[in-house]
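Source file: protein.cif (mmCIF, C-alpha atoms and all ligand atoms)
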```
data_coords
loop_
_atom_site.label_atom_id
_atom_site.label_comp_id
_atom_site.auth_asym_id
_atom_site.auth_seq_id
_atom_site.Cartn_x
_atom_site.Cartn_y
_atom_site.Cartn_z
CA MET A 133 140.90 147.36 100.85
CA ASP A 134 142.27 143.89 100.13
CA ALA A 135 140.26 141.32 98.17
CA ASN A 136 139.66 139.00 101.15
CA LYS A 137 138.20 141.80 103.23
CA LEU A 138 135.95 142.84 100.34
CA ALA A 139 134.78 139.26 99.85
CA GLU A 140 134.06 138.94 103.55
CA GLN A 141 132.01 142.16 103.60
CA PHE A 142 130.18 141.05 100.47
CA GLN A 143 129.13 137.77 102.11
CA GLN A 144 128.07 139.63 105.25
CA LYS A 145 125.75 141.79 103.15
CA ILE A 146 124.27 138.70 101.54
CA ASP A 147 123.81 137.02 104.91
CA ALA A 148 122.02 140.15 106.17
CA ASP A 149 119.69 140.04 103.13
CA ILE A 150 121.00 143.37 101.79
CA LYS A 151 120.59 143.55 98.02
CA ILE A 152 123.66 143.82 95.81
CA GLU A 153 123.34 146.63 93.26
CA PRO A 154 125.25 147.08 89.96
CA GLN A 155 127.72 149.67 91.30
CA ASP A 156 128.61 147.56 94.38
CA TRP A 157 131.77 145.48 94.60
CA MET A 158 131.11 141.80 93.85
CA PRO A 159 133.34 138.74 93.32
CA ASP A 160 134.03 137.94 89.67
CA GLU A 161 132.43 134.52 90.05
CA TYR A 162 129.20 136.05 91.43
CA ARG A 163 129.06 138.36 88.41
CA LYS A 164 129.76 135.47 86.02
CA THR A 165 127.15 133.22 87.63
CA LEU A 166 124.52 135.93 87.36
CA ILE A 167 125.36 136.73 83.74
CA ARG A 168 125.13 133.01 82.95
CA GLN A 169 121.84 132.46 84.72
CA ILE A 170 120.08 135.71 83.77
CA SER A 171 121.11 135.49 80.11
CA GLN A 172 120.00 131.83 79.92
CA HIS A 173 116.74 132.87 81.52
CA ALA A 174 116.28 135.73 79.00
CA HIS A 175 117.01 133.39 76.09
CA SER A 176 114.45 130.91 77.48
CA GLU A 177 111.76 133.58 77.44
CA ILE A 178 112.55 134.53 73.84
CA VAL A 179 112.83 130.96 72.53
CA GLY A 180 109.81 130.12 74.70
CA MET A 181 107.70 132.32 72.43
CA LEU A 182 108.16 129.90 69.53
CA PRO A 183 106.26 126.74 70.58
CA GLU A 184 103.18 128.81 71.48
CA GLY A 185 103.59 131.40 68.71
CA ASN A 186 103.12 128.41 66.46
CA TRP A 187 99.46 128.17 67.59
CA ILE A 188 98.37 131.81 67.39
CA THR A 189 96.90 131.41 63.91
CA ARG A 190 95.23 128.14 64.87
CA ALA A 191 93.64 129.11 68.19
CA PRO A 192 90.06 127.75 68.28
CA SER A 193 88.33 131.13 68.84
CA LEU A 194 89.00 134.87 68.68
CA ARG A 195 89.05 135.00 72.49
CA ARG A 196 91.65 132.23 72.72
CA LYS A 197 93.70 133.90 69.99
CA ALA A 198 93.72 137.27 71.80
CA ILE A 199 94.74 135.63 75.08
CA LEU A 200 97.51 133.58 73.47
CA LEU A 201 98.81 136.59 71.57
CA ALA A 202 99.00 138.59 74.81
CA LYS A 203 100.78 135.75 76.58
CA VAL A 204 103.42 135.40 73.87
CA GLN A 205 103.94 139.18 73.92
CA ASP A 206 104.39 139.04 77.71
CA GLU A 207 107.19 136.52 77.17
CA ALA A 208 108.97 138.93 74.82
CA GLY A 209 108.66 141.55 77.56
CA HIS A 210 110.13 139.16 80.14
CA GLY A 211 113.09 138.53 77.85
CA LEU A 212 113.68 142.28 77.55
CA TYR A 213 113.57 142.93 81.31
CA LEU A 214 116.01 140.08 81.80
CA TYR A 215 118.42 141.22 79.08
CA SER A 216 118.36 144.66 80.74
CA ALA A 217 119.11 143.12 84.15
CA ALA A 218 122.05 141.17 82.66
CA GLU A 219 123.38 144.33 80.97
CA THR A 220 123.82 145.94 84.41
CA LEU A 221 126.55 143.34 85.01
CA GLY A 222 128.68 144.51 82.09
CA ILE A 223 127.67 142.26 79.19
CA THR A 224 126.13 143.85 76.10
CA ARG A 225 122.87 142.76 74.54
CA ASP A 226 124.69 142.10 71.27
CA GLU A 227 127.03 139.67 73.01
CA MET A 228 124.09 137.82 74.51
CA TYR A 229 122.29 137.65 71.16
CA TYR A 230 125.48 136.40 69.55
CA GLN A 231 125.78 133.65 72.18
CA LEU A 232 122.18 132.58 71.56
CA HIS A 233 122.29 132.72 67.77
CA SER A 234 125.61 130.92 67.50
CA GLY A 235 124.27 128.06 69.60
CA LYS A 236 126.78 128.71 72.41
CA ALA A 237 124.21 129.76 75.00
CA LYS A 238 121.85 127.46 76.84
CA TYR A 239 118.13 128.05 77.20
CA SER A 240 115.53 125.93 78.96
CA SER A 241 115.33 122.33 77.72
CA ILE A 242 111.53 122.50 77.76
CA PHE A 243 111.27 124.59 74.60
CA ASN A 244 112.82 121.87 72.47
CA TYR A 245 109.66 119.78 72.51
CA PRO A 246 106.97 120.10 69.81
CA THR A 247 103.47 121.53 70.32
CA LEU A 248 101.29 118.98 68.56
CA THR A 249 97.73 119.95 69.50
CA TRP A 250 95.76 122.87 70.96
CA ALA A 251 95.78 121.04 74.32
CA ASP A 252 99.54 121.66 74.40
CA MET A 253 98.77 125.36 74.95
CA GLY A 254 96.91 124.32 78.08
CA ALA A 255 99.62 121.93 79.25
CA ILE A 256 102.34 124.54 78.68
CA GLY A 257 100.40 127.13 80.66
CA TRP A 258 99.59 124.79 83.52
CA LEU A 259 102.81 122.80 83.74
CA VAL A 260 105.57 124.85 82.08
CA ASP A 261 104.46 128.23 83.45
CA GLY A 262 103.59 126.48 86.71
CA ALA A 263 107.15 125.15 86.98
CA ALA A 264 108.46 128.57 85.98
CA ILE A 265 106.51 130.26 88.80
CA MET A 266 107.72 127.70 91.33
CA ASN A 267 111.29 128.49 90.30
CA GLN A 268 110.89 132.24 89.84
CA VAL A 269 108.95 133.39 92.90
CA PRO A 270 112.01 132.64 95.08
CA LEU A 271 114.17 134.47 92.50
CA SER A 272 112.26 137.66 93.32
CA ARG A 273 114.04 137.41 96.70
CA CYS A 274 117.45 136.75 95.17
CA SER A 275 120.45 138.80 96.29
CA TYR A 276 120.97 140.78 93.06
CA GLY A 277 118.65 143.82 93.01
CA PRO A 278 117.97 144.21 89.26
CA TYR A 279 117.24 140.48 88.81
CA ALA A 280 115.00 140.34 91.90
CA ARG A 281 113.01 143.40 90.78
CA ALA A 282 112.56 142.09 87.24
CA MET A 283 111.15 138.88 88.70
CA VAL A 284 108.37 140.64 90.61
CA ARG A 285 106.52 141.72 87.47
CA ILE A 286 107.41 138.55 85.57
CA CYS A 287 105.89 136.39 88.31
CA LYS A 288 102.62 138.35 88.29
CA GLU A 289 102.29 137.74 84.56
CA GLU A 290 103.37 134.10 84.83
CA SER A 291 100.63 133.51 87.33
CA PHE A 292 98.03 134.74 84.79
CA HIS A 293 99.67 132.47 82.18
CA GLN A 294 99.41 129.47 84.45
CA ARG A 295 95.72 130.08 85.12
CA GLN A 296 94.91 130.51 81.44
CA GLY A 297 96.62 127.17 80.73
CA PHE A 298 94.71 125.40 83.47
CA GLU A 299 91.47 126.89 82.15
CA ILE A 300 92.17 125.56 78.64
CA LEU A 301 92.67 122.08 80.09
CA LEU A 302 89.61 122.39 82.32
CA THR A 303 87.48 123.26 79.28
CA LEU A 304 88.87 120.32 77.33
CA SER A 305 88.42 118.01 80.31
CA LYS A 306 84.68 118.80 80.26
CA GLY A 307 84.43 118.27 76.50
CA ASN A 308 83.77 115.19 74.38
CA ALA A 309 85.83 111.98 74.41
CA ALA A 310 88.24 113.23 71.74
CA GLN A 311 88.84 116.48 73.66
CA ARG A 312 89.43 114.63 76.94
CA LYS A 313 91.85 112.31 75.16
CA MET A 314 93.71 115.30 73.71
CA CYS A 315 93.92 116.82 77.19
CA GLN A 316 95.36 113.65 78.77
CA ASP A 317 97.80 113.17 75.89
CA ALA A 318 99.19 116.70 76.29
CA ILE A 319 99.63 116.19 80.06
CA ASN A 320 101.39 112.89 79.38
CA ARG A 321 103.85 114.49 76.96
CA TRP A 322 104.65 117.65 79.01
CA TRP A 323 104.82 116.17 82.51
CA TRP A 324 108.34 114.70 82.52
CA PRO A 325 109.99 117.52 80.51
CA SER A 326 108.42 119.98 83.01
CA LEU A 327 110.10 118.18 85.90
CA MET A 328 113.40 118.47 84.02
CA MET A 329 113.03 122.28 83.92
CA PHE A 330 114.25 122.42 87.53
CA GLY A 331 117.66 121.16 86.40
CA PRO A 332 119.73 118.13 87.44
CA THR A 333 119.42 116.56 90.89
CA ASP A 334 121.24 118.43 93.66
CA ASN A 335 123.99 115.80 93.61
CA ASP A 336 124.62 116.42 89.91
CA SER A 337 124.21 120.20 89.95
CA PRO A 338 127.62 121.91 89.86
CA HIS A 339 126.26 125.39 90.64
CA THR A 340 123.62 124.91 93.33
CA ALA A 341 125.75 124.93 96.49
CA GLN A 342 127.53 128.21 95.67
CA SER A 343 124.39 129.87 94.29
CA MET A 344 122.57 129.02 97.55
CA LYS A 345 125.40 130.56 99.56
CA TRP A 346 125.13 133.72 97.48
CA LYS A 347 121.32 133.62 97.73
CA ILE A 348 120.96 133.68 93.97
CA LYS A 349 119.04 130.46 94.47
CA ARG A 350 116.83 130.31 97.58
CA PHE A 351 115.87 126.63 97.12
CA THR A 352 117.72 123.75 95.48
CA ASN A 353 116.60 122.11 92.22
CA ASP A 354 115.25 119.05 94.05
CA GLU A 355 113.39 121.09 96.66
CA LEU A 356 111.55 123.08 93.98
CA ARG A 357 110.83 119.98 91.91
CA GLN A 358 109.26 118.29 94.95
CA LYS A 359 107.07 121.35 95.70
CA PHE A 360 105.92 121.31 92.06
CA VAL A 361 105.03 117.61 92.14
CA ASP A 362 103.08 118.09 95.38
CA VAL A 363 101.02 120.94 93.88
CA CYS A 364 100.35 119.26 90.52
CA ALA A 365 99.41 115.91 92.03
CA GLU A 366 96.50 117.69 93.74
CA GLN A 367 95.56 120.03 90.88
CA VAL A 368 95.31 117.21 88.33
CA LYS A 369 92.41 115.79 90.34
CA PHE A 370 90.31 118.87 89.46
CA LEU A 371 90.85 118.06 85.81
CA GLY A 372 89.78 114.44 86.28
CA MET A 373 93.03 113.50 84.52
CA THR A 374 96.16 111.66 85.71
CA LEU A 375 99.88 112.32 85.75
CA PRO A 376 101.82 109.71 83.74
CA ASP A 377 103.74 108.26 86.69
CA LYS A 378 102.81 104.90 88.20
CA ASP A 379 105.10 105.62 91.19
CA LEU A 380 103.34 108.85 92.13
CA LYS A 381 102.05 108.26 95.66
CA TRP A 382 101.49 110.32 98.80
CA ASN A 383 104.11 109.50 101.43
CA GLU A 384 102.58 110.15 104.84
CA GLU A 385 105.95 110.01 106.59
CA ARG A 386 107.65 112.56 104.34
CA LYS A 387 104.45 114.58 103.89
CA HIS A 388 105.28 114.72 100.19
CA TYR A 389 104.42 112.80 97.05
CA ASP A 390 106.96 110.18 95.98
CA PHE A 391 107.53 110.12 92.24
CA GLY A 392 109.23 107.91 89.67
CA PRO A 393 112.73 108.26 88.19
CA ILE A 394 113.42 111.07 85.71
CA ASN A 395 115.10 110.13 82.45
CA TRP A 396 118.29 112.16 82.87
CA GLU A 397 119.77 110.77 79.70
CA GLU A 398 116.95 112.40 77.76
CA PHE A 399 117.49 115.66 79.69
CA TRP A 400 121.23 115.91 78.91
CA ASN A 401 120.58 114.91 75.33
CA VAL A 402 118.18 117.85 74.92
CA VAL A 403 120.52 120.24 76.77
CA LYS A 404 123.36 119.25 74.44
CA GLY A 405 121.28 120.25 71.41
CA ASN A 406 119.82 116.91 70.33
CA GLY A 407 116.20 117.24 71.46
CA PRO A 408 113.27 116.91 69.05
CA CYS A 409 113.20 120.63 68.11
CA ASN A 410 116.60 122.17 69.08
CA LYS A 411 117.71 122.78 65.52
CA GLU A 412 114.34 124.07 64.39
CA ARG A 413 114.04 126.49 67.34
CA LEU A 414 117.49 127.95 66.80
CA ALA A 415 116.99 128.27 63.04
CA THR A 416 113.62 130.04 63.55
CA ARG A 417 115.18 132.41 66.08
CA VAL A 418 118.10 133.26 63.77
CA GLN A 419 115.72 133.76 60.84
CA ALA A 420 113.59 136.15 62.94
CA TRP A 421 116.74 138.09 63.85
CA GLU A 422 117.79 138.34 60.20
CA ASP A 423 114.29 139.30 59.07
CA GLY A 424 114.32 142.12 61.61
CA ALA A 425 117.61 143.60 60.36
CA TRP A 426 115.85 146.31 58.31
CA VAL A 427 113.92 147.49 61.38
CA ARG A 428 117.13 147.84 63.40
CA GLU A 429 118.85 149.62 60.51
CA ALA A 430 115.92 151.98 60.02
CA ALA A 431 115.79 152.78 63.75
CA LEU A 432 119.53 153.44 63.79
CA ALA A 433 119.40 155.63 60.67
CA TYR A 434 116.51 157.63 62.17
CA GLU A 435 118.41 158.05 65.43
CA GLU A 436 121.55 159.22 63.59
CA LYS A 437 119.56 161.68 61.51
CA LYS A 438 117.79 162.95 64.63
CA SER A 439 121.09 163.53 66.49
CA ALA A 440 122.65 165.18 63.42
CA ARG A 441 119.66 167.55 63.23
CA LYS A 442 119.84 168.30 66.94
CA TYR A 443 123.58 169.02 66.64
CA ALA A 444 123.06 171.32 63.66
CA PHE A 445 120.23 173.14 65.47
CA GLN A 446 122.36 173.63 68.63
CA ASN A 447 125.22 175.07 66.53
CA THR A 448 122.90 177.40 64.68
CA ALA A 449 121.37 178.50 67.98
CA LYS A 450 124.84 179.21 69.40
CA SER A 451 126.00 181.19 66.36
CA THR A 452 122.85 183.36 66.42
CA GLU A 453 122.90 183.88 70.22
CA ASN A 454 124.55 187.31 70.03
CA ALA A 455 123.09 188.34 66.70
CA PRO A 456 120.86 191.44 66.76
CA ALA A 457 117.16 190.64 66.99
CA PHE A 458 115.02 191.18 63.92
CA GLN A 459 113.15 194.43 64.03
N1 LIG B 501 117.52 123.38 80.51
O1 LIG B 501 124.05 123.39 88.30
P1 LIG B 501 122.75 123.57 87.60
C1 LIG B 501 110.02 130.25 81.41
C2 LIG B 501 122.06 123.56 82.85
S1 LIG B 501 111.62 130.20 81.01
C3 LIG B 501 118.73 123.68 79.99
O2 LIG B 501 121.54 123.13 88.34
P2 LIG B 501 121.91 126.33 87.83
C4 LIG B 501 108.98 130.39 80.41
C5 LIG B 501 122.57 124.76 83.65
O3 LIG B 501 122.38 125.94 82.90
C6 LIG B 501 112.32 128.94 82.05
N2 LIG B 501 119.86 123.70 80.74
O4 LIG B 501 122.62 125.11 87.13
C7 LIG B 501 109.22 131.12 79.24
C8 LIG B 501 124.02 124.36 83.84
O5 LIG B 501 124.74 124.57 82.63
P3 LIG B 501 125.98 125.66 82.50
C9 LIG B 501 113.72 129.26 82.34
C10 LIG B 501 119.73 123.45 82.06
O6 LIG B 501 122.03 127.51 86.92
C11 LIG B 501 108.25 131.20 78.25
C12 LIG B 501 123.95 122.87 84.02
O7 LIG B 501 122.73 122.45 83.42
N3 LIG B 501 113.87 129.59 83.73
O8 LIG B 501 109.83 130.15 82.54
O9 LIG B 501 122.37 126.51 89.23
C13 LIG B 501 107.04 130.52 78.42
C14 LIG B 501 123.98 122.45 85.47
O10 LIG B 501 122.77 122.84 86.17
C15 LIG B 501 118.49 123.17 82.66
C16 LIG B 501 115.04 130.04 84.19
O11 LIG B 501 115.99 130.18 83.47
C17 LIG B 501 117.36 123.13 81.83
N4 LIG B 501 116.13 122.84 82.30
O12 LIG B 501 120.36 125.89 87.92
C18 LIG B 501 106.81 129.83 79.58
C19 LIG B 501 115.06 130.37 85.67
N5 LIG B 501 118.69 122.96 83.97
O13 LIG B 501 125.36 127.02 82.64
C20 LIG B 501 107.77 129.75 80.57
C21 LIG B 501 116.39 130.85 86.13
C22 LIG B 501 119.99 123.10 84.19
O14 LIG B 501 126.93 125.36 83.59
N6 LIG B 501 117.37 129.80 86.18
N7 LIG B 501 120.63 123.39 83.06
O15 LIG B 501 126.53 125.45 81.13
C23 LIG B 501 117.52 128.95 87.22
O16 LIG B 501 116.79 128.98 88.19
C24 LIG B 501 118.68 128.00 87.17
O17 LIG B 501 119.59 128.47 86.18
C25 LIG B 501 118.29 126.53 86.86
C26 LIG B 501 119.58 125.71 86.76
C27 LIG B 501 117.44 125.98 88.00
C28 LIG B 501 117.51 126.41 85.57
#
```

Show how you would write the structure in this file as structure tokens.
Ligand code: BYC
Amino acid sequence: MDANKLAEQFQQKIDADIKIEPQDWMPDEYRKTLIRQISQHAHSEIVGMLPEGNWITRAPSLRRKAILLAKVQDEAGHGLYLYSAAETLGITRDEMYYQLHSGKAKYSSIFNYPTLTWADMGAIGWLVDGAAIMNQVPLSRCSYGPYARAMVRICKEESFHQRQGFEILLTLSKGNAAQRKMCQDAINRWWWPSLMMFGPTDNDSPHTAQSMKWKIKRFTNDELRQKFVDVCAEQVKFLGMTLPDKDLKWNEERKHYDFGPINWEEFWNVVKGNGPCNKERLATRVQAWEDGAWVREAALAYEEKKSARKYAFQNTAKSTENAPAFQ
């Protein structure tokens, strides 16, 4: 069948909401887009462990420590499901790790900001995981089967993460003046970077139009950002805190909140590697990879020894198959 006919049938499947599976024909650009997005997403989960991992030893109670530890472990799991989903498209895990460790791959801008106080754990859970859920629930309906299925479990866990973050902030918001101040300060610092997580405006997003046509994305960057603002503008009231935006105002005509301008210069600066923690995050990640070399080598050596033993056993079994039984 010629390429045009295949492309036409492919789009018809997408339009009919039929999932694309790894063995199905797909345009090269669809494959490339998915590898790009899923691998960036996987890297974000893995690098995303660092800002919070930083607070595990300093959590204010055993309960908080256990919860934070579980959350950070969940993020490692999300990274692994996503690397597996990307592997179904023909890229190896080693290639993806190489891209991350060499600084060639992108990961979410949000993880290049520092976590200065315990309240940041709350703000990350509420805002960062909240933005992640807003973006990822529609991805569980995306056209590529393995990505969509990975997102189902990820979203369930993200929703627990978001609640635990909100609960940290709620506790602080009911605390003393210093705790309330810490809570407001964390919200102030994480609000704008969280809005940047949704990516550039639709006019400046080179990939959105095609990804919408392929149903990789089900909503545009601006649509998701607006939904997020609308939700947070209401939720912040329960905390008795404010969002750091003097232009935030309900617009009765649009039935949405209006909000102030995003600092896109800051966003691109962080994406290009010049945010407050880019270098530190990458160096920590590479160090963790190097520190883990002995575990990978030991696992490989064990596996080789196991297969050598199995091979030797099979050969022995074969050579004794016709031998007379012992009396
Ligand atoms: N940061 O045309 P666009 C998490 C790049 S993890 C850095 O809109 P697209 C969590 C974009 O890659 C959160 N780069 O692209 C984990 C592109 O560059 P390239 C991660 C960004 O792909 C632990 C260029 O800008 N979530 O939730 O159509 C703890 C143009 O953008 C960013 C995902 O990865 C950014 N914020 O749309 C807690 C979700 N934004 O590739 C939480 C899956 C844009 O051309 N990904 N860029 O060099 C997506 O939904 C989409 O990839 C995006 C961007 C909406 C992020």

Produce a table with one row for each residue of chain A that has an atom at most 8 Å from any atom of ligand LIG 501 (chain B), each row naming the nearest atom pair and its distance in Å at one decimal; use only C-alpha atoms and all ligand atoms; arrange rows by chain and rising residue number; format as JSON lines.
```
{"residue": "A:Thr165", "atom": "CA", "partner": "B:LIG501", "partner_atom": "O6", "distance": 7.7}
{"residue": "A:Arg168", "atom": "CA", "partner": "B:LIG501", "partner_atom": "O13", "distance": 6.0}
{"residue": "A:Gln169", "atom": "CA", "partner": "B:LIG501", "partner_atom": "O17", "distance": 4.8}
{"residue": "A:Ile170", "atom": "CA", "partner": "B:LIG501", "partner_atom": "C21", "distance": 6.5}
{"residue": "A:Gln172", "atom": "CA", "partner": "B:LIG501", "partner_atom": "O11", "distance": 5.6}
{"residue": "A:His173", "atom": "CA", "partner": "B:LIG501", "partner_atom": "O11", "distance": 3.4}
{"residue": "A:Ala174", "atom": "CA", "partner": "B:LIG501", "partner_atom": "O11", "distance": 7.1}
{"residue": "A:His175", "atom": "CA", "partner": "B:LIG501", "partner_atom": "S1", "distance": 8.0}
{"residue": "A:Ser176", "atom": "CA", "partner": "B:LIG501", "partner_atom": "S1", "distance": 4.6}
{"residue": "A:Glu177", "atom": "CA", "partner": "B:LIG501", "partner_atom": "C7", "distance": 4.0}
{"residue": "A:Ile178", "atom": "CA", "partner": "B:LIG501", "partner_atom": "C11", "distance": 7.0}
{"residue": "A:Val179", "atom": "CA", "partner": "B:LIG501", "partner_atom": "C11", "distance": 7.3}
{"residue": "A:Gly180", "atom": "CA", "partner": "B:LIG501", "partner_atom": "C11", "distance": 4.0}
{"residue": "A:Met181", "atom": "CA", "partner": "B:LIG501", "partner_atom": "C11", "distance": 6.0}
{"residue": "A:Val204", "atom": "CA", "partner": "B:LIG501", "partner_atom": "C13", "distance": 7.6}
{"residue": "A:Glu207", "atom": "CA", "partner": "B:LIG501", "partner_atom": "C11", "distance": 5.5}
{"residue": "A:Ala237", "atom": "CA", "partner": "B:LIG501", "partner_atom": "O15", "distance": 7.8}
{"residue": "A:Lys238", "atom": "CA", "partner": "B:LIG501", "partner_atom": "N2", "distance": 5.8}
{"residue": "A:Tyr239", "atom": "CA", "partner": "B:LIG501", "partner_atom": "C3", "distance": 5.2}
{"residue": "A:Ser240", "atom": "CA", "partner": "B:LIG501", "partner_atom": "N1", "distance": 3.6}
{"residue": "A:Ser241", "atom": "CA", "partner": "B:LIG501", "partner_atom": "N1", "distance": 3.7}
{"residue": "A:Ile242", "atom": "CA", "partner": "B:LIG501", "partner_atom": "N4", "distance": 6.5}
{"residue": "A:Ile256", "atom": "CA", "partner": "B:LIG501", "partner_atom": "C18", "distance": 7.0}
{"residue": "A:Gly257", "atom": "CA", "partner": "B:LIG501", "partner_atom": "C18", "distance": 7.0}
{"residue": "A:Val260", "atom": "CA", "partner": "B:LIG501", "partner_atom": "C20", "distance": 5.6}
{"residue": "A:Asp261", "atom": "CA", "partner": "B:LIG501", "partner_atom": "C20", "distance": 4.6}
{"residue": "A:Ala263", "atom": "CA", "partner": "B:LIG501", "partner_atom": "O8", "distance": 7.2}
{"residue": "A:Ala264", "atom": "CA", "partner": "B:LIG501", "partner_atom": "O8", "distance": 4.0}
{"residue": "A:Ile265", "atom": "CA", "partner": "B:LIG501", "partner_atom": "O8", "distance": 7.1}
{"residue": "A:Asn267", "atom": "CA", "partner": "B:LIG501", "partner_atom": "O16", "distance": 5.9}
{"residue": "A:Gln268", "atom": "CA", "partner": "B:LIG501", "partner_atom": "C19", "distance": 6.2}
{"residue": "A:Leu271", "atom": "CA", "partner": "B:LIG501", "partner_atom": "O16", "distance": 7.5}
{"residue": "A:Glu290", "atom": "CA", "partner": "B:LIG501", "partner_atom": "C20", "distance": 7.5}
{"residue": "A:Met328", "atom": "CA", "partner": "B:LIG501", "partner_atom": "N4", "distance": 5.4}
{"residue": "A:Met329", "atom": "CA", "partner": "B:LIG501", "partner_atom": "N4", "distance": 3.5}
{"residue": "A:Phe330", "atom": "CA", "partner": "B:LIG501", "partner_atom": "C27", "distance": 4.8}
{"residue": "A:Gly331", "atom": "CA", "partner": "B:LIG501", "partner_atom": "N5", "distance": 3.2}
{"residue": "A:Pro332", "atom": "CA", "partner": "B:LIG501", "partner_atom": "O2", "distance": 5.4}
{"residue": "A:Thr333", "atom": "CA", "partner": "B:LIG501", "partner_atom": "O2", "distance": 7.4}
{"residue": "A:Asp334", "atom": "CA", "partner": "B:LIG501", "partner_atom": "O2", "distance": 7.1}
{"residue": "A:Asp336", "atom": "CA", "partner": "B:LIG501", "partner_atom": "O1", "distance": 7.2}
{"residue": "A:Ser337", "atom": "CA", "partner": "B:LIG501", "partner_atom": "O1", "distance": 3.6}
{"residue": "A:Pro338", "atom": "CA", "partner": "B:LIG501", "partner_atom": "O1", "distance": 4.2}
{"residue": "A:His339", "atom": "CA", "partner": "B:LIG501", "partner_atom": "O1", "distance": 3.8}
{"residue": "A:Thr340", "atom": "CA", "partner": "B:LIG501", "partner_atom": "O9", "distance": 4.6}
{"residue": "A:Ser343", "atom": "CA", "partner": "B:LIG501", "partner_atom": "O9", "distance": 6.4}
{"residue": "A:Lys349", "atom": "CA", "partner": "B:LIG501", "partner_atom": "O16", "distance": 6.8}
{"residue": "A:Thr352", "atom": "CA", "partner": "B:LIG501", "partner_atom": "C27", "distance": 7.8}
{"residue": "A:Asn353", "atom": "CA", "partner": "B:LIG501", "partner_atom": "C27", "distance": 5.8}
{"residue": "A:Phe399", "atom": "CA", "partner": "B:LIG501", "partner_atom": "N4", "distance": 7.8}
{"residue": "A:Val402", "atom": "CA", "partner": "B:LIG501", "partner_atom": "C3", "distance": 7.7}
{"residue": "A:Val403", "atom": "CA", "partner": "B:LIG501", "partner_atom": "C3", "distance": 5.0}
```

Please, could you write that set of residues out with C-alpha atoms as a compact mmCIF listing (two decimals), in the frame of the given file?
```
# COMPACT_ATOMS: atom_id res chain seq x y z
CA THR A 165 127.15 133.22 87.63
CA ARG A 168 125.13 133.01 82.95
CA GLN A 169 121.84 132.46 84.72
CA ILE A 170 120.08 135.71 83.77
CA GLN A 172 120.00 131.83 79.92
CA HIS A 173 116.74 132.87 81.52
CA ALA A 174 116.28 135.73 79.00
CA HIS A 175 117.01 133.39 76.09
CA SER A 176 114.45 130.91 77.48
CA GLU A 177 111.76 133.58 77.44
CA ILE A 178 112.55 134.53 73.84
CA VAL A 179 112.83 130.96 72.53
CA GLY A 180 109.81 130.12 74.70
CA MET A 181 107.70 132.32 72.43
CA VAL A 204 103.42 135.40 73.87
CA GLU A 207 107.19 136.52 77.17
CA ALA A 237 124.21 129.76 75.00
CA LYS A 238 121.85 127.46 76.84
CA TYR A 239 118.13 128.05 77.20
CA SER A 240 115.53 125.93 78.96
CA SER A 241 115.33 122.33 77.72
CA ILE A 242 111.53 122.50 77.76
CA ILE A 256 102.34 124.54 78.68
CA GLY A 257 100.40 127.13 80.66
CA VAL A 260 105.57 124.85 82.08
CA ASP A 261 104.46 128.23 83.45
CA ALA A 263 107.15 125.15 86.98
CA ALA A 264 108.46 128.57 85.98
CA ILE A 265 106.51 130.26 88.80
CA ASN A 267 111.29 128.49 90.30
CA GLN A 268 110.89 132.24 89.84
CA LEU A 271 114.17 134.47 92.50
CA GLU A 290 103.37 134.10 84.83
CA MET A 328 113.40 118.47 84.02
CA MET A 329 113.03 122.28 83.92
CA PHE A 330 114.25 122.42 87.53
CA GLY A 331 117.66 121.16 86.40
CA PRO A 332 119.73 118.13 87.44
CA THR A 333 119.42 116.56 90.89
CA ASP A 334 121.24 118.43 93.66
CA ASP A 336 124.62 116.42 89.91
CA SER A 337 124.21 120.20 89.95
CA PRO A 338 127.62 121.91 89.86
CA HIS A 339 126.26 125.39 90.64
CA THR A 340 123.62 124.91 93.33
CA SER A 343 124.39 129.87 94.29
CA LYS A 349 119.04 130.46 94.47
CA THR A 352 117.72 123.75 95.48
CA ASN A 353 116.60 122.11 92.22
CA PHE A 399 117.49 115.66 79.69
CA VAL A 402 118.18 117.85 74.92
CA VAL A 403 120.52 120.24 76.77
```

Find the distance between atom CA of Gly392 of chain A and atom CA of Lys378 of chain A and write it in Å to one decimal.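 About the pair atom CA of Gly392 of chain A and atom CA of Lys378 of chain A: they are 7.2 Å apart.
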
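Nearest to Ile199 of chain A of all the residues A:Gly297, A:Pro246, A:Pro183, A:Pro270 is A:Gly297, counting all atoms listed in the file.
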
As an exercise, work out the distance from atom CA of Gly372 of chain A to atom CA of Trp322 of chain A in Å and give it to one decimal place.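 Distance reported for this atom pair: 16.9 Å.
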
Between atom CA of Leu201 of chain A and atom CA of Thr189 of chain A - distance in Å to one decimal: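 For atom CA of Thr189 of chain A relative to atom CA of Leu201 of chain A, the distance reads 9.4 Å.
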
Within 8 Å of Pro376 of chain A using all atoms listed in the file, minus same-chain residues under 4 positions, as a VMD selection string:
chain A and resid 319 to 320 323

Using all atoms listed in the file, the best pick from A:Ile286, A:Leu259, A:Ala318, A:Leu166 as closest to Ala208 of chain A would be A:Ile286

* To do: Tell me which of A:Arg321, A:Lys381, A:Arg350, A:Lys369 sits closest to Tyr245 of chain A, counting all atoms listed in the file.
  =>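 Answer, going by the shortest atom-to-atom distance: A:Arg321.
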
Calculated over only C-alpha atoms, which of the candidates A:Trp426, A:Phe292, A:Phe391, A:Phe360 has the smallest distance to Asp206 of chain A?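 Nearest to Asp206 of chain A: A:Phe292.
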